[in-house]
$ cat query-v5.json   # JSON, C-alpha atoms
[["chain", "number", "residue", "atom", "x", "y", "z"],
["A", 1, "MET", "CA", -139.49, -77.41, -94.03],
["A", 2, "THR", "CA", -137.17, -74.99, -95.73],
["A", 3, "GLN", "CA", -135.02, -72.44, -94.00],
["A", 4, "LEU", "CA", -137.12, -69.63, -95.52],
["A", 5, "ASN", "CA", -140.31, -70.99, -93.94],
["A", 6, "VAL", "CA", -138.59, -71.25, -90.56],
["A", 7, "MET", "CA", -137.36, -67.67, -90.83],
["A", 8, "LYS", "CA", -140.87, -66.47, -91.75],
["A", 9, "LYS", "CA", -142.36, -68.20, -88.69],
["A", 10, "VAL", "CA", -139.67, -66.80, -86.38],
["A", 11, "PHE", "CA", -140.20, -63.31, -87.79],
["A", 12, "LEU", "CA", -143.97, -63.60, -87.36],
["A", 13, "ALA", "CA", -143.54, -64.83, -83.76],
["A", 14, "LEU", "CA", -141.23, -61.90, -82.97],
["A", 15, "ILE", "CA", -143.75, -59.43, -84.41],
["A", 16, "ILE", "CA", -146.55, -60.93, -82.31],
["A", 17, "ILE", "CA", -144.41, -60.81, -79.16],
["A", 18, "PHE", "CA", -143.48, -57.19, -79.91],
["A", 19, "ILE", "CA", -147.12, -56.17, -80.39],
["A", 20, "ILE", "CA", -148.23, -57.89, -77.18],
["A", 21, "SER", "CA", -145.37, -56.31, -75.19],
["A", 22, "PHE", "CA", -146.04, -52.89, -76.69],
["A", 23, "THR", "CA", -149.75, -53.13, -75.88],
["A", 24, "TYR", "CA", -149.09, -54.27, -72.30],
["A", 25, "LEU", "CA", -146.58, -51.47, -71.76],
["A", 26, "PHE", "CA", -148.94, -48.73, -72.91],
["A", 27, "THR", "CA", -151.87, -49.99, -70.84],
["A", 28, "GLN", "CA", -149.92, -49.81, -67.57],
["A", 29, "VAL", "CA", -151.25, -47.03, -65.32],
["A", 30, "SER", "CA", -149.78, -45.45, -62.17],
["A", 31, "VAL", "CA", -152.06, -43.54, -59.79],
["A", 32, "SER", "CA", -151.24, -41.28, -56.84],
["A", 33, "VAL", "CA", -154.12, -40.54, -54.44],
["A", 34, "THR", "CA", -154.74, -39.47, -50.88],
["A", 35, "LYS", "CA", -157.51, -41.55, -49.33],
["A", 36, "GLU", "CA", -158.91, -42.52, -45.99],
["A", 37, "ILE", "CA", -158.33, -46.21, -45.24],
["A", 38, "THR", "CA", -160.52, -48.28, -42.92],
["A", 39, "ASP", "CA", -160.10, -51.78, -41.49],
["A", 40, "ASP", "CA", -162.80, -53.04, -43.87],
["A", 41, "GLN", "CA", -160.62, -52.25, -46.86],
["A", 42, "LEU", "CA", -157.73, -54.47, -45.72],
["A", 43, "VAL", "CA", -158.29, -58.12, -46.71],
["A", 44, "LYS", "CA", -156.09, -61.18, -46.18],
["A", 45, "GLU", "CA", -156.28, -64.00, -48.73],
["A", 46, "ASN", "CA", -153.84, -66.93, -48.93],
["A", 47, "ASP", "CA", -151.25, -65.27, -46.66],
["A", 48, "GLN", "CA", -151.29, -62.16, -48.86],
["A", 49, "TYR", "CA", -152.79, -58.78, -47.93],
["A", 50, "TYR", "CA", -154.89, -56.72, -50.33],
["A", 51, "LEU", "CA", -156.24, -53.21, -50.05],
["A", 52, "LEU", "CA", -159.66, -52.70, -51.62],
["A", 53, "LEU", "CA", -159.50, -49.29, -53.27],
["A", 54, "ASP", "CA", -161.28, -47.82, -56.30],
["A", 55, "ASN", "CA", -162.93, -51.18, -57.10],
["A", 56, "ARG", "CA", -159.53, -52.91, -57.25],
["A", 57, "ASN", "CA", -157.74, -55.52, -55.16],
["A", 58, "LEU", "CA", -154.35, -53.90, -54.68],
["A", 59, "LYS", "CA", -151.62, -56.25, -53.52],
["A", 60, "ILE", "CA", -149.72, -54.78, -50.58],
["A", 61, "ASN", "CA", -146.29, -56.01, -49.47],
["A", 62, "GLU", "CA", -144.95, -56.27, -45.90],
["A", 63, "GLY", "CA", -142.93, -53.07, -46.12],
["A", 64, "ASN", "CA", -145.97, -51.00, -47.01],
["A", 65, "LEU", "CA", -148.12, -52.93, -44.55],
["A", 66, "LYS", "CA", -145.87, -51.72, -41.71],
["A", 67, "HIS", "CA", -146.78, -48.10, -42.56],
["A", 68, "LEU", "CA", -150.46, -48.76, -41.87],
["A", 69, "GLN", "CA", -151.28, -47.31, -38.47],
["A", 70, "MET", "CA", -155.02, -46.93, -38.78],
["A", 71, "ASP", "CA", -155.48, -46.13, -35.09],
["A", 72, "LYS", "CA", -153.10, -43.17, -35.43],
["A", 73, "TYR", "CA", -153.62, -41.95, -39.03],
["A", 74, "LYS", "CA", -156.82, -41.83, -41.08],
["A", 75, "GLU", "CA", -155.58, -40.59, -44.46],
["A", 76, "TYR", "CA", -152.77, -42.10, -46.51],
["A", 77, "LYS", "CA", -150.88, -41.10, -49.61],
["A", 78, "ILE", "CA", -151.08, -44.14, -51.89],
["A", 79, "ILE", "CA", -149.23, -44.75, -55.12],
["A", 80, "TYR", "CA", -150.43, -47.83, -56.97],
["A", 81, "SER", "CA", -150.22, -49.29, -60.44],
["A", 82, "TYR", "CA", -152.45, -51.51, -62.50],
["A", 83, "ASN", "CA", -152.90, -52.64, -66.06],
["A", 84, "LYS", "CA", -156.02, -51.67, -67.99],
["A", 85, "LEU", "CA", -156.09, -55.14, -69.58],
["A", 86, "ILE", "CA", -156.34, -56.89, -66.19],
["A", 87, "SER", "CA", -159.48, -55.69, -64.45],
["A", 88, "GLY", "CA", -159.77, -55.43, -60.70],
["A", 89, "LYS", "CA", -156.13, -56.08, -59.77],
["A", 90, "GLY", "CA", -153.13, -53.92, -59.04],
["A", 91, "LYS", "CA", -150.15, -53.38, -56.76],
["A", 92, "ILE", "CA", -149.37, -50.79, -54.09],
["A", 93, "GLU", "CA", -146.05, -49.17, -54.97],
["A", 94, "ARG", "CA", -145.85, -46.80, -51.98],
["A", 95, "LEU", "CA", -148.04, -46.09, -48.98],
["A", 96, "GLU", "CA", -147.44, -43.59, -46.20],
["A", 97, "PRO", "CA", -149.57, -41.69, -43.72],
["A", 98, "TYR", "CA", -150.60, -38.34, -45.12],
["A", 99, "GLY", "CA", -148.25, -35.69, -43.76],
["A", 100, "ALA", "CA", -145.76, -38.17, -42.19],
["A", 101, "ARG", "CA", -142.28, -38.74, -43.58],
["A", 102, "PHE", "CA", -140.37, -42.02, -43.71],
["A", 103, "PRO", "CA", -136.79, -42.49, -44.80]]

$ encode --input "query-v5.json" --output "C-alpha cells"
Amino acid sequence: MTQLNVMKKVFLALIIIFIISFTYLFTQVSVSVTKEITDDQLVKENDQYYLLLDNRNLKINEGNLKHLQMDKYKEYKIIYSYNKLISGKGKIERLEPYGARFP
C-alpha cells in the first residue's frame, strides 16, 4: 500500500468523523419547562433514577434528586437535554422547585 493510499484513507476517515460529530452537535436539544411531577414519573432502574417526562426517560443524578420534595412542592422548573437522533432518552441538567431558590 502506497503512502498516497494511506493518506487518502486517513483523510476520508477524518471527513466521516467530522460529519458525524457535526450532525450529532446540531441535533442536540436543550429544553426548559415548568411541570408538575408525580411519584409515578420517577422510576428506578439498575440503581439509576429516571424521570418520565414528555415521552422521554430523563436520567437524573443524585444532586438533582435531592431537590425533589414532592410532598412540599408540586411544580418544578426542569432543564433537560436530549439528542434528536436518540429517541426516548435524555438527561436532566437542572431541577428545582418552582419559585424556590438554591445556591

$ closest_residue --input "query-v5.json" --among "A:Glu45, A:Leu53, A:Ile92, A:Glu36" --to "A:Gln69" --atoms "all atoms listed in the file"
A:Glu36

$ atom_distance --input "query-v5.json" --atom1 "atom CA of A:Glu75" --atom2 "atom CA of A:Lys89"
21.8 Å

$ closest_residue --input "query-v5.json" --among "A:Thr34, A:Thr2, A:Asn46, A:Gln41" --to "A:Tyr80" --atoms "only C-alpha atoms"
A:Thr34

$ closest_residue --input "query-v5.json" --among "A:Leu65, A:Ile17, A:Leu95, A:Leu4" --to "A:Lys35" --atoms "all atoms listed in the file"
A:Leu95

$ atom_distance --input "query-v5.json" --atom1 "atom CA of A:Val29" --atom2 "atom CA of A:Lys84"
7.2 Å

$ atom_distance --input "query-v5.json" --atom1 "atom CA of A:Asn55" --atom2 "atom CA of A:Arg94"
18.4 Å

$ closest_residue --input "query-v5.json" --among "A:Gln28, A:Ser21, A:Gln3, A:Asn57" --to "A:Lys91" --atoms "only C-alpha atoms"
A:Asn57

$ closest_residue --input "query-v5.json" --among "A:Lys59, A:Tyr98, A:Val31, A:Leu68" --to "A:Ser81" --atoms "only C-alpha atoms"
A:Val31

$ residues_around --input "query-v5.json" --residues "A:Tyr24" --least-positions-apart "4" --cutoff "10 Å" --atoms "only C-alpha atoms" --output "PyMOL selection string"
chain A and resi 18-20+28+83-86

$ build_atoms --input "query-v5.json" --residues "stretch 86-97 of chain A" --atoms "N, CA and C atoms" --output "tab-separated table (two decimals), in the frame of the given file"
chain	number	residue	atom	x	y	z
A	86	ILE	N	-156.04	-55.96	-67.28
A	86	ILE	CA	-156.34	-56.89	-66.19
A	86	ILE	C	-157.25	-56.16	-65.21
A	87	SER	N	-158.52	-56.46	-65.25
A	87	SER	CA	-159.48	-55.69	-64.45
A	87	SER	C	-159.47	-56.14	-62.99
A	88	GLY	N	-159.59	-55.16	-62.12
A	88	GLY	CA	-159.77	-55.43	-60.70
A	88	GLY	C	-158.53	-55.78	-59.91
A	89	LYS	N	-157.35	-55.73	-60.50
A	89	LYS	CA	-156.13	-56.08	-59.77
A	89	LYS	C	-155.10	-54.98	-59.95
A	90	GLY	N	-154.19	-54.91	-58.98
A	90	GLY	CA	-153.13	-53.92	-59.04
A	90	GLY	C	-152.14	-54.16	-57.91
A	91	LYS	N	-151.22	-53.23	-57.75
A	91	LYS	CA	-150.15	-53.38	-56.76
A	91	LYS	C	-149.86	-52.02	-56.13
A	92	ILE	N	-149.75	-52.01	-54.81
A	92	ILE	CA	-149.37	-50.79	-54.09
A	92	ILE	C	-147.86	-50.60	-54.26
A	93	GLU	N	-147.47	-49.47	-54.80
A	93	GLU	CA	-146.05	-49.17	-54.97
A	93	GLU	C	-145.50	-48.48	-53.72
A	94	ARG	N	-146.29	-47.55	-53.16
A	94	ARG	CA	-145.85	-46.80	-51.98
A	94	ARG	C	-147.09	-46.40	-51.18
A	95	LEU	N	-146.94	-46.46	-49.87
A	95	LEU	CA	-148.04	-46.09	-48.98
A	95	LEU	C	-147.43	-45.44	-47.75
A	96	GLU	N	-147.92	-44.26	-47.41
A	96	GLU	CA	-147.44	-43.59	-46.20
A	96	GLU	C	-148.55	-42.72	-45.63
A	97	PRO	N	-148.56	-42.55	-44.33
A	97	PRO	CA	-149.57	-41.69	-43.72
A	97	PRO	C	-149.46	-40.28	-44.29
